[in-house]
file target-v2.cif (mmCIF, C-alpha atoms and all ligand atoms)
data_upload
loop_
_atom_site.label_atom_id
_atom_site.label_comp_id
_atom_site.auth_asym_id
_atom_site.auth_seq_id
_atom_site.Cartn_x
_atom_site.Cartn_y
_atom_site.Cartn_z
CA GLN A 990 58.70 79.14 100.27
CA SER A 991 62.42 79.70 100.84
CA LEU A 992 64.28 78.33 103.83
CA PRO A 993 64.17 80.89 106.65
CA TYR A 994 67.91 80.73 107.29
CA ILE A 995 68.66 81.72 103.69
CA ARG A 996 66.85 85.01 104.31
CA SER A 997 69.06 85.64 107.33
CA ILE A 998 72.24 85.70 105.19
CA SER A 999 73.67 89.13 104.45
CA PRO A 1000 74.81 88.97 100.82
CA TYR A 1001 78.58 89.26 100.28
CA GLN A 1002 79.44 92.84 99.35
CA PRO A 1003 82.35 93.04 96.92
CA GLY A 1004 84.41 96.18 96.38
CA LYS A 1005 82.74 98.77 94.15
CA PRO A 1006 83.39 97.87 90.50
CA ILE A 1007 85.82 100.17 88.65
CA THR A 1008 83.48 100.54 85.67
CA GLN A 1009 80.64 101.71 87.90
CA LEU A 1010 82.70 104.40 89.64
CA ALA A 1011 84.24 105.53 86.34
CA ARG A 1012 80.73 106.01 84.96
CA ASP A 1013 79.52 107.80 88.11
CA LEU A 1014 82.46 110.21 87.97
CA GLY A 1015 82.53 110.52 84.16
CA LEU A 1016 86.18 109.41 84.15
CA PRO A 1017 88.02 106.88 82.00
CA VAL A 1018 88.52 103.57 83.85
CA ASP A 1019 92.29 104.02 83.95
CA ARG A 1020 91.86 107.06 86.22
CA ILE A 1021 90.29 104.93 88.93
CA VAL A 1022 92.50 103.40 91.63
CA LYS A 1023 90.97 100.24 93.06
CA LEU A 1024 92.54 99.04 96.29
CA ALA A 1025 89.48 97.25 97.59
CA SER A 1026 89.75 93.52 97.00
CA ASN A 1027 93.27 92.44 97.97
CA GLU A 1028 94.16 91.83 94.34
CA ASN A 1029 97.72 91.74 93.00
CA PRO A 1030 98.63 95.24 91.74
CA LEU A 1031 101.13 93.72 89.28
CA GLY A 1032 98.36 91.92 87.41
CA MET A 1033 98.87 88.26 86.60
CA SER A 1034 102.10 86.33 86.21
CA PRO A 1035 103.49 86.69 82.68
CA LYS A 1036 104.01 82.92 82.55
CA ALA A 1037 100.34 82.42 83.43
CA GLN A 1038 99.34 84.90 80.72
CA ALA A 1039 101.28 82.93 78.15
CA ALA A 1040 99.72 79.68 79.37
CA VAL A 1041 96.22 81.14 79.01
CA GLY A 1042 97.03 82.11 75.43
CA VAL A 1043 97.92 78.52 74.65
CA ALA A 1044 94.98 77.04 76.59
CA ILE A 1045 92.42 79.01 74.56
CA ALA A 1046 92.87 76.53 71.72
CA GLY A 1047 91.56 73.76 73.99
CA LEU A 1048 88.37 75.45 75.14
CA SER A 1049 86.07 73.11 73.24
CA ARG A 1050 87.07 70.38 75.69
CA TYR A 1051 85.93 69.99 79.27
CA PRO A 1052 88.62 70.89 81.81
CA ASP A 1053 91.37 68.42 82.72
CA ASP A 1054 92.62 69.07 86.23
CA PHE A 1055 95.36 66.45 86.26
CA ALA A 1056 98.34 68.74 85.65
CA LEU A 1057 97.44 71.20 88.40
CA LYS A 1058 96.76 68.46 90.93
CA GLN A 1059 100.04 66.83 90.02
CA ALA A 1060 101.94 70.11 90.38
CA LEU A 1061 100.33 70.79 93.78
CA ALA A 1062 101.02 67.22 94.87
CA GLU A 1063 104.69 67.59 93.97
CA ARG A 1064 104.95 70.86 95.83
CA SER A 1065 103.12 69.72 98.96
CA GLY A 1066 104.45 66.17 99.07
CA LEU A 1067 100.83 64.96 99.38
CA GLY A 1068 99.13 62.49 97.08
CA MET A 1069 96.80 63.87 94.41
CA GLU A 1070 93.89 62.18 96.19
CA ARG A 1071 94.36 64.70 99.02
CA ILE A 1072 93.89 67.80 96.87
CA VAL A 1073 90.53 69.38 96.02
CA LEU A 1074 90.38 72.19 93.48
CA GLY A 1075 87.84 74.97 93.69
CA ASN A 1076 86.44 77.85 91.68
CA GLY A 1077 88.36 80.20 93.94
CA SER A 1078 89.11 79.04 97.47
CA ASN A 1079 85.61 80.28 98.39
CA ASP A 1080 84.33 77.29 96.45
CA VAL A 1081 86.33 74.83 98.57
CA LEU A 1082 85.19 76.61 101.75
CA ASP A 1083 81.64 76.06 100.57
CA LEU A 1084 82.35 72.39 99.83
CA VAL A 1085 83.67 71.83 103.36
CA ALA A 1086 80.54 73.44 104.79
CA ARG A 1087 78.27 71.28 102.63
CA VAL A 1088 80.04 68.11 103.71
CA PHE A 1089 80.06 68.78 107.45
CA LEU A 1090 77.23 71.18 108.28
CA ALA A 1091 73.44 70.98 108.32
CA PRO A 1092 70.60 72.23 110.53
CA GLY A 1093 71.31 71.09 114.08
CA ARG A 1094 75.10 71.46 113.68
CA SER A 1095 77.19 74.50 114.49
CA ALA A 1096 80.40 76.10 113.24
CA ILE A 1097 82.74 78.42 115.12
CA PHE A 1098 84.69 81.40 113.78
CA ALA A 1099 86.18 84.57 115.19
CA GLN A 1100 84.38 87.90 115.24
CA TYR A 1101 85.98 89.89 112.34
CA ALA A 1102 86.94 86.67 110.52
CA PHE A 1103 86.44 86.36 106.77
CA ALA A 1104 82.82 86.96 105.72
CA VAL A 1105 82.46 83.74 103.77
CA TYR A 1106 82.57 81.64 106.98
CA PRO A 1107 79.16 82.77 108.29
CA LEU A 1108 77.85 82.78 104.73
CA ALA A 1109 78.91 79.18 103.99
CA THR A 1110 77.77 78.07 107.45
CA ILE A 1111 74.31 79.59 107.33
CA SER A 1112 73.63 78.45 103.77
CA THR A 1113 73.76 74.82 104.98
CA GLY A 1114 71.32 75.60 107.81
CA GLY A 1115 74.21 75.26 110.26
CA GLU A 1116 74.38 77.56 113.23
CA PRO A 1117 77.12 80.21 113.17
CA ILE A 1118 78.94 80.84 116.46
CA ALA A 1119 80.99 84.05 116.35
CA VAL A 1120 83.57 84.24 119.14
CA ALA A 1121 84.71 87.63 120.47
CA ALA A 1122 88.07 88.67 119.02
CA SER A 1123 91.22 89.36 120.93
CA ASP A 1124 93.14 92.33 119.52
CA TYR A 1125 91.08 92.00 116.31
CA GLY A 1126 92.39 88.45 115.81
CA HIS A 1127 91.39 84.95 116.86
CA ASP A 1128 91.06 84.18 120.56
CA LEU A 1129 91.82 80.46 120.36
CA GLU A 1130 91.10 79.78 124.04
CA ALA A 1131 87.67 81.35 123.70
CA MET A 1132 87.08 79.44 120.48
CA LEU A 1133 87.84 76.17 122.26
CA ALA A 1134 85.51 77.15 125.08
CA ALA A 1135 82.76 77.87 122.53
CA ILE A 1136 82.70 74.27 121.28
CA ARG A 1137 79.29 72.65 121.78
CA PRO A 1138 78.29 69.01 121.41
CA ASN A 1139 76.88 69.80 117.95
CA THR A 1140 79.95 71.72 116.70
CA ARG A 1141 81.39 70.12 113.57
CA LEU A 1142 83.53 72.86 112.02
CA ILE A 1143 85.92 75.62 113.09
CA TRP A 1144 87.00 78.28 110.61
CA ILE A 1145 90.36 80.01 111.03
CA ALA A 1146 92.01 82.47 108.66
CA ASN A 1147 95.74 82.94 109.06
CA PRO A 1148 96.51 85.72 108.24
CA ASN A 1149 92.95 86.93 108.71
CA ASN A 1150 91.00 89.19 106.38
CA PRO A 1151 89.93 91.97 107.00
CA THR A 1152 92.11 92.56 110.06
CA GLY A 1153 95.46 91.21 108.81
CA THR A 1154 96.12 89.53 112.15
CA PHE A 1155 98.38 86.49 112.39
CA LEU A 1156 98.31 83.56 114.80
CA PRO A 1157 101.72 82.22 115.82
CA TYR A 1158 102.13 78.65 114.62
CA ALA A 1159 102.89 77.32 118.11
CA GLN A 1160 99.47 78.55 119.30
CA LEU A 1161 97.74 77.00 116.32
CA LYS A 1162 99.47 73.68 116.91
CA THR A 1163 98.38 73.58 120.54
CA PHE A 1164 94.87 74.48 119.44
CA LEU A 1165 94.74 71.64 116.91
CA GLN A 1166 95.82 69.20 119.59
CA ALA A 1167 92.98 70.36 121.83
CA VAL A 1168 90.18 70.23 119.22
CA PRO A 1169 88.24 66.94 119.31
CA SER A 1170 88.90 64.91 116.17
CA ASN A 1171 85.20 64.86 115.16
CA ILE A 1172 85.42 68.61 114.50
CA VAL A 1173 86.98 69.73 111.23
CA VAL A 1174 89.34 72.70 111.43
CA VAL A 1175 89.64 74.77 108.26
CA LEU A 1176 92.90 76.69 108.17
CA ASP A 1177 92.46 79.29 105.46
CA GLU A 1178 95.86 80.43 104.23
CA ALA A 1179 94.79 82.73 101.39
CA TYR A 1180 97.54 85.23 102.35
CA ASN A 1181 100.21 82.67 103.31
CA GLU A 1182 102.63 83.74 100.58
CA TYR A 1183 102.82 87.29 101.98
CA LEU A 1184 104.43 86.06 105.20
CA PRO A 1185 108.21 86.43 105.31
CA PRO A 1186 109.62 83.06 104.19
CA ALA A 1187 111.62 82.78 107.42
CA GLU A 1188 108.41 83.06 109.46
CA ARG A 1189 106.40 80.60 107.37
CA VAL A 1190 105.87 77.12 108.71
CA ASP A 1191 104.84 74.33 106.36
CA THR A 1192 101.42 73.61 107.84
CA THR A 1193 100.84 70.76 105.37
CA ALA A 1194 103.16 68.69 107.60
CA TRP A 1195 100.45 68.91 110.28
CA LEU A 1196 98.04 66.97 108.08
CA ALA A 1197 99.85 63.74 108.96
CA ARG A 1198 98.83 64.07 112.61
CA HIS A 1199 95.51 65.83 112.19
CA GLY A 1200 93.05 64.01 109.94
CA ASN A 1201 90.48 66.71 110.77
CA LEU A 1202 92.56 69.56 109.31
CA VAL A 1203 91.70 71.18 105.97
CA ILE A 1204 94.17 73.76 104.64
CA THR A 1205 92.92 76.10 101.93
CA ARG A 1206 94.98 78.30 99.62
CA THR A 1207 94.30 80.45 96.60
CA PHE A 1208 95.76 81.67 93.32
CA SER A 1209 93.81 84.95 93.68
CA LYS A 1210 96.35 86.84 95.74
CA ILE A 1211 100.11 86.63 95.20
CA TYR A 1212 99.68 84.66 91.95
CA GLY A 1213 97.39 87.37 90.58
CA LEU A 1214 94.63 85.13 89.20
CA ALA A 1215 91.60 86.49 91.10
CA GLY A 1216 89.50 86.84 87.96
CA LEU A 1217 90.12 83.27 86.84
CA ARG A 1218 88.74 81.87 90.12
CA ILE A 1219 90.97 79.08 91.30
CA GLY A 1220 91.95 77.80 94.74
CA TYR A 1221 92.42 74.48 96.51
CA ALA A 1222 92.21 72.46 99.69
CA LEU A 1223 94.81 70.10 101.13
CA CYS A 1224 93.40 67.50 103.53
CA SER A 1225 93.03 63.80 104.25
CA ALA A 1226 92.08 61.51 101.36
CA GLU A 1227 88.82 60.79 103.18
CA ILE A 1228 87.75 64.43 103.44
CA ALA A 1229 88.88 65.10 99.87
CA ASP A 1230 86.73 62.19 98.71
CA LEU A 1231 83.70 63.61 100.54
CA MET A 1232 84.29 67.07 99.08
CA ASN A 1233 84.62 65.59 95.60
CA ARG A 1234 81.24 63.92 95.99
CA VAL A 1235 79.47 67.28 96.34
CA ARG A 1236 81.78 69.25 94.03
CA GLN A 1237 80.26 70.27 90.69
CA PRO A 1238 81.98 68.41 87.87
CA PHE A 1239 84.41 70.73 86.06
CA ASN A 1240 84.22 73.48 88.69
CA CYS A 1241 87.56 74.92 87.50
CA ASN A 1242 87.86 76.07 83.93
CA ASN A 1243 90.62 75.28 81.41
CA LEU A 1244 92.13 78.76 81.44
CA ALA A 1245 92.32 78.87 85.23
CA LEU A 1246 93.89 75.42 85.44
CA ALA A 1247 96.53 76.24 82.82
CA ALA A 1248 97.27 79.62 84.39
CA ALA A 1249 97.62 78.14 87.86
CA VAL A 1250 100.14 75.51 86.73
CA ALA A 1251 102.26 78.20 85.08
CA ALA A 1252 101.89 80.66 87.98
CA LEU A 1253 103.18 78.08 90.47
CA ASP A 1254 106.42 78.04 88.54
CA ASP A 1255 106.74 81.79 88.14
CA HIS A 1256 109.02 82.33 91.12
CA GLU A 1257 110.29 85.62 89.76
CA PHE A 1258 106.75 87.06 89.64
CA VAL A 1259 105.94 85.82 93.15
CA ALA A 1260 109.18 87.35 94.48
CA ARG A 1261 108.42 90.65 92.76
CA SER A 1262 104.86 90.67 94.14
CA TYR A 1263 106.14 89.92 97.64
CA ALA A 1264 108.76 92.70 97.50
CA LEU A 1265 106.26 95.21 96.12
CA ASN A 1266 103.86 94.36 98.94
CA ARG A 1267 106.55 94.85 101.61
CA ALA A 1268 107.60 98.23 100.19
CA GLY A 1269 104.00 99.35 99.66
CA MET A 1270 103.05 98.33 103.17
CA GLU A 1271 105.81 100.57 104.55
CA GLN A 1272 104.79 103.41 102.26
CA ILE A 1273 101.16 103.25 103.40
CA ILE A 1274 102.05 102.83 107.08
CA ALA A 1275 104.29 105.92 106.87
CA GLY A 1276 101.54 107.87 105.08
CA LEU A 1277 98.89 106.86 107.62
CA LYS A 1278 101.23 107.90 110.44
CA ARG A 1279 101.62 111.34 108.86
CA LEU A 1280 97.83 111.61 108.80
CA ALA A 1281 97.60 110.39 112.42
CA CYS A 1282 95.51 107.35 111.40
CA ARG A 1283 96.20 104.25 113.44
CA HIS A 1284 96.13 100.82 111.82
CA ILE A 1285 96.08 97.16 112.75
CA PRO A 1286 99.49 95.59 112.00
CA SER A 1287 98.89 93.43 108.93
CA HIS A 1288 100.47 90.21 107.67
CA GLY A 1289 98.58 90.24 104.37
CA ASN A 1290 98.51 92.45 101.27
CA PHE A 1291 96.18 94.99 102.84
CA LEU A 1292 95.94 97.28 105.82
CA THR A 1293 92.96 98.15 107.99
CA PHE A 1294 92.99 101.64 109.48
CA TYR A 1295 90.83 103.56 111.90
CA VAL A 1296 88.92 106.60 110.77
CA PRO A 1297 85.91 107.95 112.58
CA GLU A 1298 83.14 108.67 110.05
CA ALA A 1299 84.55 105.92 107.83
CA ALA A 1300 81.43 105.89 105.62
CA ALA A 1301 81.77 109.61 104.86
CA VAL A 1302 85.53 109.31 104.30
CA ASN A 1303 84.88 106.39 101.97
CA GLN A 1304 82.44 108.51 99.95
CA LYS A 1305 85.06 111.25 99.62
CA LEU A 1306 87.70 108.74 98.55
CA LEU A 1307 85.27 107.47 95.91
CA SER A 1308 84.63 110.97 94.65
CA ASN A 1309 88.42 111.25 94.27
CA GLY A 1310 88.47 108.10 92.18
CA VAL A 1311 89.86 105.80 94.88
CA ILE A 1312 88.07 102.60 95.88
CA VAL A 1313 88.91 101.06 99.26
CA ARG A 1314 86.80 98.69 101.32
CA PRO A 1315 84.44 99.77 104.10
CA ILE A 1316 84.12 96.94 106.61
CA ALA A 1317 81.04 98.01 108.54
CA ALA A 1318 79.48 94.65 107.59
CA TYR A 1319 82.16 93.02 109.74
CA GLY A 1320 81.06 95.10 112.71
CA MET A 1321 83.92 97.56 112.15
CA PRO A 1322 82.08 100.73 111.07
CA ASP A 1323 84.99 103.03 111.96
CA TRP A 1324 87.56 101.25 109.86
CA LEU A 1325 88.52 101.06 106.21
CA ARG A 1326 90.63 98.40 104.53
CA VAL A 1327 93.07 99.34 101.81
CA THR A 1328 94.88 96.86 99.57
CA ILE A 1329 98.59 97.52 99.08
CA GLY A 1330 99.00 98.71 95.50
CA THR A 1331 101.85 99.92 93.32
CA GLU A 1332 103.86 102.89 94.57
CA SER A 1333 101.83 105.33 92.48
CA GLU A 1334 98.49 103.78 93.48
CA ASN A 1335 99.50 104.00 97.14
CA SER A 1336 100.43 107.66 96.66
CA ARG A 1337 97.09 108.38 94.97
CA PHE A 1338 95.32 106.70 97.87
CA LEU A 1339 97.27 108.69 100.49
CA GLU A 1340 96.72 111.99 98.66
CA ALA A 1341 93.01 111.27 98.36
CA LEU A 1342 92.81 110.25 102.02
CA GLU A 1343 94.48 113.48 103.11
CA VAL A 1344 91.76 115.55 101.45
CA SER A 1345 89.01 113.20 102.62
CA LEU A 1346 89.64 113.25 106.36
N1 LIG A 1401 89.96 83.46 102.37
C1 LIG A 1401 90.28 84.69 102.72
C2 LIG A 1401 90.75 84.94 104.10
C3 LIG A 1401 90.15 85.74 101.79
O1 LIG A 1401 90.42 86.99 102.15
C4 LIG A 1401 89.71 85.45 100.48
C5 LIG A 1401 89.60 86.53 99.44
N2 LIG A 1401 88.91 87.65 99.78
C6 LIG A 1401 89.37 84.15 100.19
C7 LIG A 1401 89.52 83.16 101.14
C8 LIG A 1401 88.78 83.73 98.89
O2 LIG A 1401 89.51 84.01 97.79
P1 LIG A 1401 89.25 83.27 96.43
O3 LIG A 1401 87.86 82.71 96.43
O4 LIG A 1401 89.44 84.31 95.40
O5 LIG A 1401 90.27 82.18 96.37
#

call {"tool": "encode", "arguments": {"input": "target-v2.cif", "output": "structure tokens"}}
result
Amino acid sequence: QSLPYIRSISPYQPGKPITQLARDLGLPVDRIVKLASNENPLGMSPKAQAAVGVAIAGLSRYPDDFALKQALAERSGLGMERIVLGNGSNDVLDLVARVFLAPGRSAIFAQYAFAVYPLATISTGGEPIAVAASDYGHDLEAMLAAIRPNTRLIWIANPNNPTGTFLPYAQLKTFLQAVPSNIVVVLDEAYNEYLPPAERVDTTAWLARHGNLVITRTFSKIYGLAGLRIGYALCSAEIADLMNRVRQPFNCNNLALAAAVAALDDHEFVARSYALNRAGMEQIIAGLKRLACRHIPSHGNFLTFYVPEAAAVNQKLLSNGVIVRPIAAYGMPDWLRVTIGTESENSRFLEALEVSL
């Protein structure tokens, strides 16, 4: 008999696969525009592609994660013993949950926060506490007030997915100071690299004062490696050690490790991806304005916009070969989330939206 709390989990719903829609519509796959999963529209870094080509020759060996840990250690100024690699950052989120949660313990996250937080929480038997949002983002005061004696984890995404909201660093710092040290705070920075460099604060510096902080990042977004599945956590050596105890050996594969090392150094690709996202964001905002659709200001590589009858509009977009993301599962049935694509993908999306409203 399965554990009752496992049955209460709503399975994660990914964006509709391109191949499936192409088959449904009888179209070649290259006619489909997929702006549903916050992927990089430029593909993967050319340096990472070259590194994968080389790494193929070593696939008979188990993965060696030394080079990536070393590169991340150099970049963050943290020792390698404070870095945990994951099969996507979802994997490290899951590791944190397994280390700190169990039946009888609770975890706090914001309403409309990333779907993996309740999923990872409930799969340990932990109790999920969703705190009402403020302006679609995190209400840190309310999250503090929601702390119970059995709370062991707080999940925060900054910027948040699917709403794109951003918490000013000063607020986050005050929050961290107020959270009791026996509660781990996960600061999920999957979209960190899309923030303007002048606005970005190096949150890894906070780790020195907050032994209960776990920062997570990913190679799936600006580095364009979503399909390789690689992400990481930066935290205290003690928490990293605990996570490594439950981590599957060799959870990151050779190709992903090699690609990630190369992608970290591909500054030109990151800069190009950043600039494309800025321009595309403006293009989509202007297009949505023309169509009188309001949106939530976004700090990521996606935009969430309001459309009554979102499910029907989504169906029409699909029939026009455009895949976006309905977010009814987040309790936002009147909203759709669109990933910022290339200029031509954004235009295809806006044209399809115009005839779908
Ligand atoms: N955190 C947030 C906020 C995300 O939006 C995503 C991607 N959807 C992830 C983590 C996980 O990404 P990945 O597992 O590909 O690293």

call {"tool": "closest_residue", "arguments": {"input": "target-v2.cif", "among": "A:Val1043, A:Ile1204, A:Val1302, A:Leu1090", "to": "Ala1341 in chain A", "atoms": "all atoms listed in the file"}}
result
A:Val1302

call {"tool": "closest_residue", "arguments": {"input": "target-v2.cif", "among": "A:Phe1089, A:Phe1208, A:Tyr1295, A:Tyr1180", "to": "Val1235 in chain A", "atoms": "all atoms listed in the file"}}
result
A:Phe1089

call {"tool": "axis_aligned_box", "arguments": {"input": "target-v2.cif", "around": "range 1242-1245 of chain A", "padding_each_side": "8 Å", "output": "AutoDock Vina command-line options"}}
result
--center_x 90.1 --center_y 77.1 --center_z 83.3 --size_x 20.5 --size_y 19.6 --size_z 19.8

call {"tool": "closest_atom_pairs", "arguments": {"input": "target-v2.cif", "of": "chain A", "to": "ligand LIG 1401 (chain A)", "cutoff": "9 Å", "atoms": "only C-alpha atoms and all ligand atoms", "output": "tab-separated table"}}
result
residue	atom	partner	partner_atom	distance
A:Pro1003	CA	A:LIG1401	N2	9.0
A:Ser1026	CA	A:LIG1401	N2	6.5
A:Asn1027	CA	A:LIG1401	N2	6.7
A:Glu1028	CA	A:LIG1401	N2	8.6
A:Gly1075	CA	A:LIG1401	O5	8.1
A:Asn1076	CA	A:LIG1401	O3	6.9
A:Gly1077	CA	A:LIG1401	O3	3.6
A:Ser1078	CA	A:LIG1401	O5	3.5
A:Asn1079	CA	A:LIG1401	O3	3.8
A:Asp1080	CA	A:LIG1401	O3	6.5
A:Val1081	CA	A:LIG1401	O3	8.3
A:Leu1082	CA	A:LIG1401	C7	7.9
A:Ala1102	CA	A:LIG1401	C2	7.7
A:Phe1103	CA	A:LIG1401	C2	5.3
A:Ala1104	CA	A:LIG1401	C2	8.3
A:Val1105	CA	A:LIG1401	C7	7.6
A:Tyr1106	CA	A:LIG1401	N1	8.9
A:Ile1145	CA	A:LIG1401	C2	8.5
A:Ala1146	CA	A:LIG1401	C2	5.3
A:Asn1147	CA	A:LIG1401	C2	7.3
A:Pro1148	CA	A:LIG1401	C2	7.1
A:Asn1149	CA	A:LIG1401	C2	5.5
A:Asn1150	CA	A:LIG1401	O1	4.8
A:Pro1151	CA	A:LIG1401	O1	7.0
A:Asp1177	CA	A:LIG1401	N1	5.8
A:Glu1178	CA	A:LIG1401	C2	6.8
A:Ala1179	CA	A:LIG1401	N1	5.0
A:Tyr1180	CA	A:LIG1401	C2	7.0
A:Thr1205	CA	A:LIG1401	C7	7.9
A:Arg1206	CA	A:LIG1401	O5	6.9
A:Thr1207	CA	A:LIG1401	O5	4.4
A:Phe1208	CA	A:LIG1401	O5	6.3
A:Ser1209	CA	A:LIG1401	O4	4.7
A:Lys1210	CA	A:LIG1401	O4	7.4
A:Leu1214	CA	A:LIG1401	O4	8.1
A:Ala1215	CA	A:LIG1401	O4	5.3
A:Gly1216	CA	A:LIG1401	O4	7.9
A:Leu1217	CA	A:LIG1401	O4	8.6
A:Arg1218	CA	A:LIG1401	O4	5.9
A:Ile1219	CA	A:LIG1401	O5	6.0
A:Gly1220	CA	A:LIG1401	O5	5.0
A:Tyr1221	CA	A:LIG1401	O5	8.0

call {"tool": "write_last_selection", "arguments": {"input": "target-v2.cif", "atoms": "C-alpha atoms", "output": "short mmCIF file (atom, residue, chain, number, x, y, z; two decimals), in the frame of the given file"}}
result
data_model
loop_
_atom_site.label_atom_id
_atom_site.label_comp_id
_atom_site.auth_asym_id
_atom_site.auth_seq_id
_atom_site.Cartn_x
_atom_site.Cartn_y
_atom_site.Cartn_z
CA PRO A 1003 82.35 93.04 96.92
CA SER A 1026 89.75 93.52 97.00
CA ASN A 1027 93.27 92.44 97.97
CA GLU A 1028 94.16 91.83 94.34
CA GLY A 1075 87.84 74.97 93.69
CA ASN A 1076 86.44 77.85 91.68
CA GLY A 1077 88.36 80.20 93.94
CA SER A 1078 89.11 79.04 97.47
CA ASN A 1079 85.61 80.28 98.39
CA ASP A 1080 84.33 77.29 96.45
CA VAL A 1081 86.33 74.83 98.57
CA LEU A 1082 85.19 76.61 101.75
CA ALA A 1102 86.94 86.67 110.52
CA PHE A 1103 86.44 86.36 106.77
CA ALA A 1104 82.82 86.96 105.72
CA VAL A 1105 82.46 83.74 103.77
CA TYR A 1106 82.57 81.64 106.98
CA ILE A 1145 90.36 80.01 111.03
CA ALA A 1146 92.01 82.47 108.66
CA ASN A 1147 95.74 82.94 109.06
CA PRO A 1148 96.51 85.72 108.24
CA ASN A 1149 92.95 86.93 108.71
CA ASN A 1150 91.00 89.19 106.38
CA PRO A 1151 89.93 91.97 107.00
CA ASP A 1177 92.46 79.29 105.46
CA GLU A 1178 95.86 80.43 104.23
CA ALA A 1179 94.79 82.73 101.39
CA TYR A 1180 97.54 85.23 102.35
CA THR A 1205 92.92 76.10 101.93
CA ARG A 1206 94.98 78.30 99.62
CA THR A 1207 94.30 80.45 96.60
CA PHE A 1208 95.76 81.67 93.32
CA SER A 1209 93.81 84.95 93.68
CA LYS A 1210 96.35 86.84 95.74
CA LEU A 1214 94.63 85.13 89.20
CA ALA A 1215 91.60 86.49 91.10
CA GLY A 1216 89.50 86.84 87.96
CA LEU A 1217 90.12 83.27 86.84
CA ARG A 1218 88.74 81.87 90.12
CA ILE A 1219 90.97 79.08 91.30
CA GLY A 1220 91.95 77.80 94.74
CA TYR A 1221 92.42 74.48 96.51
#

call {"tool": "atom_distance", "arguments": {"input": "target-v2.cif", "atom1": "CA of Gln1166 in chain A", "atom2": "CA of Val1203 in chain A"}}
result
14.4 Å

call {"tool": "residues_around", "arguments": {"input": "target-v2.cif", "residues": "Lys1036 in chain A", "least_positions_apart": "3", "cutoff": "9 Å", "atoms": "all atoms listed in the file", "output": "ChimeraX atom specification"}}
result
/A:1033,1039-1041,1248,1251-1252,1254-1255,1258

call {"tool": "closest_residue", "arguments": {"input": "target-v2.cif", "among": "A:Thr1193, A:Gln1100, A:Thr1008, A:Ser1112", "to": "Ser991 in chain A", "atoms": "only C-alpha atoms"}}
result
A:Ser1112

call {"tool": "atom_distance", "arguments": {"input": "target-v2.cif", "atom1": "CA of Val1088 in chain A", "atom2": "CA of Gly1153 in chain A"}}
result
28.2 Å

call {"tool": "residues_around", "arguments": {"input": "target-v2.cif", "residues": "Asp1323 in chain A", "least_positions_apart": "5", "cutoff": "10 Å", "atoms": "only C-alpha atoms", "output": "ChimeraX atom specification"}}
result
/A:1294-1300,1302,1315-1317

call {"tool": "atom_distance", "arguments": {"input": "target-v2.cif", "atom1": "CA of Phe1338 in chain A", "atom2": "CA of Thr1293 in chain A"}}
result
13.5 Å

call {"tool": "closest_residue", "arguments": {"input": "target-v2.cif", "among": "A:Leu1016, A:Val1085, A:Met1321, A:Ala1060", "to": "Leu1253 in chain A", "atoms": "all atoms listed in the file"}}
result
A:Ala1060

call {"tool": "closest_residue", "arguments": {"input": "target-v2.cif", "among": "A:Ala1037, A:Leu1031, A:Ala1281, A:Leu1202", "to": "Ala1249 in chain A", "atoms": "only C-alpha atoms"}}
result
A:Ala1037

call {"tool": "closest_residue", "arguments": {"input": "target-v2.cif", "among": "A:Gln1160, A:Asn1335, A:Phe1098, A:Thr1110", "to": "Ala1275 in chain A", "atoms": "only C-alpha atoms"}}
result
A:Asn1335

call {"tool": "residues_around", "arguments": {"input": "target-v2.cif", "residues": "range 1119-1136 of chain A", "least_positions_apart": "2", "cutoff": "9 Å", "atoms": "all atoms listed in the file", "output": "PDB file with C-alpha atoms, keeping the file's coordinate frame"}}
result
ATOM      1  CA  SER A1095      77.190  74.500 114.490  1.00  0.00           C
ATOM      2  CA  ALA A1096      80.400  76.100 113.240  1.00  0.00           C
ATOM      3  CA  ILE A1097      82.740  78.420 115.120  1.00  0.00           C
ATOM      4  CA  PHE A1098      84.690  81.400 113.780  1.00  0.00           C
ATOM      5  CA  ALA A1099      86.180  84.570 115.190  1.00  0.00           C
ATOM      6  CA  GLN A1100      84.380  87.900 115.240  1.00  0.00           C
ATOM      7  CA  TYR A1101      85.980  89.890 112.340  1.00  0.00           C
ATOM      8  CA  ALA A1102      86.940  86.670 110.520  1.00  0.00           C
ATOM      9  CA  PRO A1107      79.160  82.770 108.290  1.00  0.00           C
ATOM     10  CA  PRO A1117      77.120  80.210 113.170  1.00  0.00           C
ATOM     11  CA  PRO A1138      78.290  69.010 121.410  1.00  0.00           C
ATOM     12  CA  ASN A1139      76.880  69.800 117.950  1.00  0.00           C
ATOM     13  CA  THR A1140      79.950  71.720 116.700  1.00  0.00           C
ATOM     14  CA  ARG A1141      81.390  70.120 113.570  1.00  0.00           C
ATOM     15  CA  ILE A1143      85.920  75.620 113.090  1.00  0.00           C
ATOM     16  CA  ILE A1145      90.360  80.010 111.030  1.00  0.00           C
ATOM     17  CA  ALA A1146      92.010  82.470 108.660  1.00  0.00           C
ATOM     18  CA  ASN A1149      92.950  86.930 108.710  1.00  0.00           C
ATOM     19  CA  THR A1152      92.110  92.560 110.060  1.00  0.00           C
ATOM     20  CA  GLY A1153      95.460  91.210 108.810  1.00  0.00           C
ATOM     21  CA  THR A1154      96.120  89.530 112.150  1.00  0.00           C
ATOM     22  CA  PHE A1155      98.380  86.490 112.390  1.00  0.00           C
ATOM     23  CA  LEU A1156      98.310  83.560 114.800  1.00  0.00           C
ATOM     24  CA  GLN A1160      99.470  78.550 119.300  1.00  0.00           C
ATOM     25  CA  LEU A1161      97.740  77.000 116.320  1.00  0.00           C
ATOM     26  CA  PHE A1164      94.870  74.480 119.440  1.00  0.00           C
ATOM     27  CA  ALA A1167      92.980  70.360 121.830  1.00  0.00           C
ATOM     28  CA  VAL A1168      90.180  70.230 119.220  1.00  0.00           C
ATOM     29  CA  ILE A1285      96.080  97.160 112.750  1.00  0.00           C
TER      30      ILE A1285
END
